[in-house]
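*Asks:* Sharing coords_27.cif here; it has mmCIF, C-alpha atoms.
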```
data_structure
loop_
_atom_site.label_atom_id
_atom_site.label_comp_id
_atom_site.auth_asym_id
_atom_site.auth_seq_id
_atom_site.Cartn_x
_atom_site.Cartn_y
_atom_site.Cartn_z
CA MET A 1 -1.03 3.05 -10.72
CA HIS A 2 -4.70 3.76 -11.38
CA TYR A 3 -5.76 7.29 -10.42
CA ASP A 4 -8.63 6.01 -8.18
CA VAL A 5 -6.21 4.35 -5.73
CA ASN A 6 -4.21 7.53 -5.01
CA PRO A 7 -5.98 8.23 -1.66
CA ILE A 8 -5.00 4.74 -0.41
CA SER A 9 -1.59 4.52 -2.08
CA TRP A 10 0.02 4.92 1.36
CA LEU A 11 -0.89 1.26 1.98
CA LEU A 12 1.27 -0.01 -0.91
CA GLY A 13 4.24 -2.20 -0.06
CA THR A 14 5.19 -5.07 2.18
CA TRP A 15 4.87 -4.23 5.86
CA VAL A 16 6.30 -6.31 8.73
CA GLY A 17 6.25 -6.03 12.48
CA LEU A 18 5.16 -7.34 15.84
CA GLY A 19 1.99 -7.01 17.84
CA VAL A 20 -0.54 -8.87 19.94
CA VAL A 21 -3.50 -11.06 19.02
CA HIS A 22 -6.35 -12.48 21.07
CA PHE A 23 -8.70 -14.27 18.70
CA PRO A 24 -11.94 -15.95 19.83
CA GLY A 25 -11.21 -19.28 21.46
CA MET A 26 -7.74 -18.24 22.66
CA GLU A 27 -7.30 -18.39 26.44
CA GLN A 28 -4.94 -15.42 26.46
CA SER A 29 -3.24 -12.90 24.19
CA VAL A 30 -0.08 -13.96 22.36
CA GLN A 31 2.75 -12.02 20.79
CA ALA A 32 2.59 -12.24 17.02
CA ALA A 33 4.44 -11.30 13.85
CA HIS A 34 2.55 -9.82 10.95
CA GLU A 35 3.36 -9.47 7.27
CA LEU A 36 0.98 -7.36 5.17
CA THR A 37 1.52 -6.98 1.43
CA VAL A 38 -0.58 -4.48 -0.53
CA VAL A 39 0.04 -4.27 -4.29
CA THR A 40 -1.47 -2.84 -7.45
CA ASP A 41 -1.45 -4.13 -11.01
CA GLY A 42 -2.83 -0.90 -12.47
CA GLN A 43 -6.49 -1.76 -11.86
CA PRO A 44 -8.72 0.57 -9.76
CA PHE A 45 -8.14 -1.45 -6.56
CA LEU A 46 -5.34 -2.75 -4.35
CA THR A 47 -4.71 -6.43 -3.54
CA HIS A 48 -4.21 -7.39 0.14
CA LEU A 49 -2.34 -10.41 1.56
CA SER A 50 -1.98 -10.65 5.33
CA ARG A 51 -0.26 -13.38 7.35
CA ILE A 52 0.01 -13.59 11.13
CA TRP A 53 2.20 -15.97 13.15
CA GLU A 54 2.48 -16.61 16.87
CA VAL A 55 6.07 -15.90 17.94
CA ASP A 56 8.18 -16.68 20.97
CA ASP A 57 9.86 -14.06 23.17
CA LYS A 58 12.76 -13.83 20.67
CA GLY A 59 10.46 -13.22 17.69
CA ASN A 60 10.85 -16.71 16.22
CA ARG A 61 7.75 -18.00 14.44
CA ILE A 62 5.95 -20.80 16.29
CA GLN A 63 2.81 -21.32 14.20
CA GLN A 64 0.75 -19.50 11.60
CA LEU A 65 -2.47 -18.15 13.09
CA MET A 66 -4.20 -16.44 10.18
CA THR A 67 -4.00 -15.79 6.46
CA GLU A 68 -6.23 -13.23 4.74
CA THR A 69 -6.56 -12.23 1.12
CA GLY A 70 -8.58 -9.29 -0.03
CA VAL A 71 -9.18 -6.17 -2.04
CA TRP A 72 -9.07 -2.45 -1.15
CA LYS A 73 -11.61 -0.69 -3.39
CA PRO A 74 -11.80 3.11 -3.48
CA LEU A 75 -15.34 4.50 -3.23
CA PRO A 76 -16.65 8.02 -3.91
CA ASP A 77 -16.04 10.88 -1.46
CA LEU A 78 -12.74 9.48 -0.09
CA HIS A 79 -14.31 6.29 1.24
CA VAL A 80 -12.85 2.81 0.86
CA GLU A 81 -14.14 -0.75 1.06
CA LEU A 82 -11.94 -3.61 2.26
CA THR A 83 -13.21 -7.09 1.40
CA ILE A 84 -11.35 -9.93 3.12
CA GLU A 85 -11.43 -13.68 2.58
CA ALA A 86 -10.27 -15.67 5.61
CA GLN A 87 -11.16 -19.18 6.68
CA GLU A 88 -13.48 -19.48 3.64
CA ILE A 89 -15.62 -16.55 4.86
CA SER A 90 -15.92 -13.21 3.07
CA ARG A 91 -16.29 -10.02 5.15
CA ALA A 92 -16.41 -6.35 4.12
CA TRP A 93 -15.59 -3.10 5.95
CA VAL A 94 -16.27 0.46 4.75
CA GLY A 95 -14.76 3.70 6.03
CA GLU A 96 -13.53 7.16 5.20
CA VAL A 97 -9.91 7.82 4.21
CA LYS A 98 -8.32 10.87 5.85
CA VAL A 99 -5.05 12.17 4.46
CA THR A 100 -3.48 14.48 7.05
CA GLY A 101 0.06 14.81 5.69
CA LEU A 102 1.32 15.48 2.18
CA VAL A 103 4.93 16.33 1.22
CA ASP A 104 6.06 16.69 -2.41
CA ALA A 105 2.87 14.93 -3.63
CA LYS A 106 3.55 11.95 -1.34
CA ILE A 107 1.14 10.97 1.43
CA THR A 108 3.07 11.10 4.72
CA ARG A 109 0.21 10.68 7.18
CA ALA A 110 -3.22 9.11 6.71
CA HIS A 111 -5.74 6.78 8.32
CA THR A 112 -9.03 5.00 7.81
CA ILE A 113 -11.46 3.65 10.39
CA MET A 114 -13.71 1.05 8.80
CA ASN A 115 -16.88 -0.56 10.12
CA ARG A 116 -17.99 -3.99 9.02
CA VAL A 117 -20.93 -4.14 6.65
CA GLY A 118 -24.02 -6.24 7.44
CA LEU A 119 -24.02 -6.32 11.25
CA PRO A 120 -25.31 -7.67 13.58
CA ILE A 121 -24.51 -11.14 12.33
CA GLY A 122 -24.09 -14.54 13.99
CA GLU A 123 -20.76 -16.30 13.71
CA ALA A 124 -19.22 -19.30 15.41
CA HIS A 125 -18.02 -17.20 18.37
CA GLY A 126 -21.26 -15.25 18.93
CA VAL A 127 -23.38 -12.48 17.47
CA ILE A 128 -21.12 -9.67 16.30
CA ALA A 129 -22.49 -6.22 17.11
CA GLN A 130 -19.45 -4.16 16.02
CA ASP A 131 -16.38 -5.02 13.96
CA ILE A 132 -13.88 -2.20 13.35
CA ARG A 133 -10.57 -2.13 11.50
CA THR A 134 -8.31 0.91 11.82
CA TYR A 135 -5.25 1.45 9.63
CA GLY A 136 -2.97 4.46 10.02
CA LEU A 137 0.30 5.75 8.58
CA ASP A 138 2.27 7.92 11.00
CA THR A 139 4.84 10.59 10.18
CA MET A 140 7.68 8.14 10.85
CA GLY A 141 6.46 5.90 8.01
CA ARG A 142 5.01 3.21 10.29
CA LEU A 143 1.70 1.52 9.61
CA GLY A 144 -0.41 0.73 12.64
CA TRP A 145 -3.52 -1.35 12.55
CA VAL A 146 -6.07 -2.53 15.08
CA HIS A 147 -8.96 -4.96 14.71
CA GLU A 148 -11.68 -4.60 17.36
CA VAL A 149 -14.83 -6.72 17.78
CA GLU A 150 -17.86 -6.48 20.05
CA THR A 151 -20.32 -9.30 20.66
CA ALA A 152 -23.35 -9.60 22.90
CA GLU A 153 -21.11 -11.31 25.46
CA VAL A 154 -17.88 -9.30 25.09
CA PRO A 155 -17.55 -5.47 24.95
CA LEU A 156 -15.54 -3.84 22.15
CA THR A 157 -12.13 -5.51 22.49
CA SER A 158 -8.97 -5.57 20.41
CA GLN A 159 -8.43 -8.92 18.70
CA ALA A 160 -5.25 -7.81 16.96
CA SER A 161 -2.96 -4.78 17.02
CA PHE A 162 0.34 -4.26 15.19
CA LEU A 163 2.92 -1.61 14.42
CA LEU A 164 4.50 -2.34 11.03
CA MET A 165 7.44 -0.97 9.07
CA LYS A 166 8.05 -1.25 5.34
CA ALA A 167 10.09 -4.40 4.69
CA GLY A 168 13.77 -3.58 4.33
CA GLN A 169 13.56 -0.42 6.47
CA SER A 170 14.56 -0.10 10.11
#
```
Output the file's structure as structure tokens, nothing else.
*Replies:*
Amino acid sequence: MHYDVNPISWLLGTWVGLGVVHFPGMEQSVQAAHELTVVTDGQPFLTHLSRIWEVDDKGNRIQQLMTETGVWKPLPDLHVELTIEAQEISRAWVGEVKVTGLVDAKITRAHTIMNRVGLPIGEAHGVIAQDIRTYGLDTMGRLGWVHEVETAEVPLTSQASFLLMKAGQS
């Protein structure tokens, strides 16, 4: 692993879990399953693959709602940039990484709150005033993440929120 990615190494792995999404154009929120895979090949960045499916009340996948690919790039002073490609559109968020738990040189608690770069900007569902992604590792080894968006018409609202566990753990 490249030394530069140490502050965000807590993201590494395949994470799975359930949550709720309410994307623009959806009449109501739906329960969803999420799989997030973050890997390194030794370069000074992490690769991100995220897939979200609508699920029924038993957790069975109904339809895929979103696929994202991207890169986590460490920046100076414990900041990070996340660049995502989804639906043929590239977006970037920047935020500070805060490590709040360390045991035997392993990060046990950390989070980053990232704001989208280049706002306000017009998109198909309105002019985006704020776009925030929050990722956090809790002391139980769970990864939570929330994606919130504010437009001129809609106040800051969660579009997606999930609580994920490392694949293969319960």
*Asks:* Between atom CA of A:Gly141 and atom CA of A:Arg109, measure the distance and give it in Å to one decimal.
*Replies:*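 These atoms are spaced 7.9 Å apart.
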*Asks:* Got a sec to resolve the PyMOL selection byres ((chain A and resi 136) around 7) on this structure and send the residues as number ranges by chain?
*Replies:* A: 110-112, 134-135, 137-138, 143-145
*Asks:* Could you list the residues chosen by the PyMOL selection byres ((chain A and resi 81) around 6) in this structure as a ChimeraX atom specification?
*Replies:* /A:72-73,80,82,93-94
*Asks:* Running the PyMOL selection byres ((chain A and resi 2-19) around 7) on this model by hand, what would come out? Give it as an MDAnalysis selection string.
*Replies:* chainID A and resid 1 20:21 31:39 42:45 74 107 161:167
*Asks:* Output as AutoDock Vina command-line options the centre and edge lengths (Å, one decimal) of the box along x, y and z of the file that holds every listed atom of stretch 29-46 of chain A after adding 3 Å on each side.
*Replies:*
```
--center_x -2.1 --center_y -6.7 --center_z 5.9 --size_x 19.2 --size_y 20.5 --size_z 42.7
```
*Asks:* What does the structure give for the distance between atom CA of A:Gln159 and atom CA of A:Ile128, in Å to one decimal?
*Replies:* 12.9 Å
*Asks:* List as a ChimeraX atom specification: which residues have an atom within 6 Å of (-6.2, -4.0, -1.0), counting all atoms listed in the file?
*Replies:* /A:38,46-48,70-72
*Asks:* In terms of the shortest atom-to-atom distance over only C-alpha atoms, which of A:Leu49, A:Val55, A:Ala152, A:Val30 is closest to A:Glu68?
*Replies:* A:Leu49
*Asks:* Report, in Å with one decimal, the straight-line distance from atom CA of A:Gln169 to atom CA of A:Met140.
*Replies:*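 We find that atom CA of A:Gln169 and atom CA of A:Met140 lie 11.3 Å from each other.
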*Asks:* Show which residues sit within 6 Å of A:Gly95, as a list of chain:residue names. Count all atoms listed in the file, and ignore same-chain residues fewer than 3 positions away.
*Replies:*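 That gives A:His79, A:Val80, A:Ile113, A:Met114.
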*Asks:* I'd like to know which of A:Ser29, A:Asn60, A:Thr67, A:Thr139 is closest to A:Thr157, using only C-alpha atoms.
*Replies:*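 Smallest separation from A:Thr157 among the options: A:Ser29.
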*Asks:* Please identify all polymer residues within 12 Å of A:Ile121, counting only C-alpha atoms, omitting same-chain residues fewer than 5 positions from it, and present them as a PyMOL selection string.
*Replies:* chain A and resi 91+116+126-131+149-152
*Asks:* My list of candidates is A:Val99, A:Phe23, A:Lys106, A:Arg142. Which is closest to A:Leu65 when distances are computed with only C-alpha atoms?
*Replies:*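 Between A:Val99, A:Phe23, A:Lys106, A:Arg142, the residue approaching A:Leu65 most closely is A:Phe23.
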